[in-house]
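Only one structure is covered here, and it is reproduced in the block below.
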Amino acid sequence: MADTHEHSRTRHSRDERRDEILRAVIDVCAEQGLARLSVSSVTARVGCTRSLFYHYFPSKEAAFDAALELTIDAFIDRLRAWDRERIPGDIEGALDGISALLKTLVVETPDLSRSIAADGDAVLYTAFVDRVAERCARFICETTVIDFSRYHDVLIDHVYETFYVLISGLILFIRTHPHVEVTVIKDIIASTLHIEGFTQKYPERRPER
């Protein structure tokens, strides 16, 4: 029993060190730019040896990729919270919530994704958006869409692909148009998914039951 407890405590400590390294990767990128990211800059910030860094990551690129995934995890956590808190049957309320959340996530960009955008690395930023859209679309398809389909017809074909295109397109649009009204984002989402009839703005378009 003592060995098991000690193993758990050691594993937790190692996980914390890994998280510290990832946090340092994010901070270095945010403060100095991607070009200044190096194993030395990360270890100096954490106060650890290079051998400890390489214990967790084979290269700075691998550490950056893990930090990117950590950033995307935060996106998904916010999306998961929205899905938990929405009121079943209140489609317009859900639209209001997801529209405001999406704008917040893009405008109040996390440190790492902001540094990618600031460095002007279009290829890397596109890859980041691809990963965000892929995970968000899958999450919505596996949760919200299933809940919706219990009570209403899903009026779009290629559901995952539609959500992927919608999310990636809105991320890029909001990034270049940060002052866009949340109501505009809501209208785009609703019309793309053919659920605008569930809003007060377009009651005449409500699908027949």
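Ordering of the structure tokens sets the chain letters (A, B, ...); residue numbers start at 1 within each chain; ligands are numbered from 1 in the order shown.
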
task: Might you pull out every residue within 9 Å of Leu101 in chain A, with only C-alpha atoms counted and same-chain residues fewer than 4 positions away left off, and present them as a count of residues only?
output: 7

statement: If you count only C-alpha atoms, the residue of A:Leu172, A:Ala94, A:Ile87, A:Val107 closest to Val129 in chain A turns out to be A:Leu172

- prompt: How many Å lie between CA of Arg205 in chain A and CA of Leu155 in chain A, rounded to one decimal?
  reply: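 Computing it gives 12.5 Å between the two atoms.
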
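Take the candidates A:Arg50, A:His194, A:Lys201, A:Arg18 and check each one against Val154 in chain A using only C-alpha atoms; the shortest distance goes to A:His194.
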
query: In range 100-206 of chain A, what's helix (DSSP H, G or I) per DSSP? Answer as JSON, numbers by chain?
result: {"A": [100, 101, 102, 103, 104, 105, 106, 107, 111, 112, 113, 114, 115, 116, 117, 118, 122, 123, 124, 125, 126, 127, 128, 129, 130, 131, 132, 133, 134, 135, 136, 137, 138, 139, 140, 141, 142, 144, 145, 146, 147, 148, 149, 159, 160, 161, 162, 163, 164, 165, 166, 167, 168, 169, 170, 171, 172, 173, 174, 175, 176, 182, 183, 184, 185, 186, 187, 188, 189, 190, 191, 192, 196, 197, 198, 203, 204, 205]}
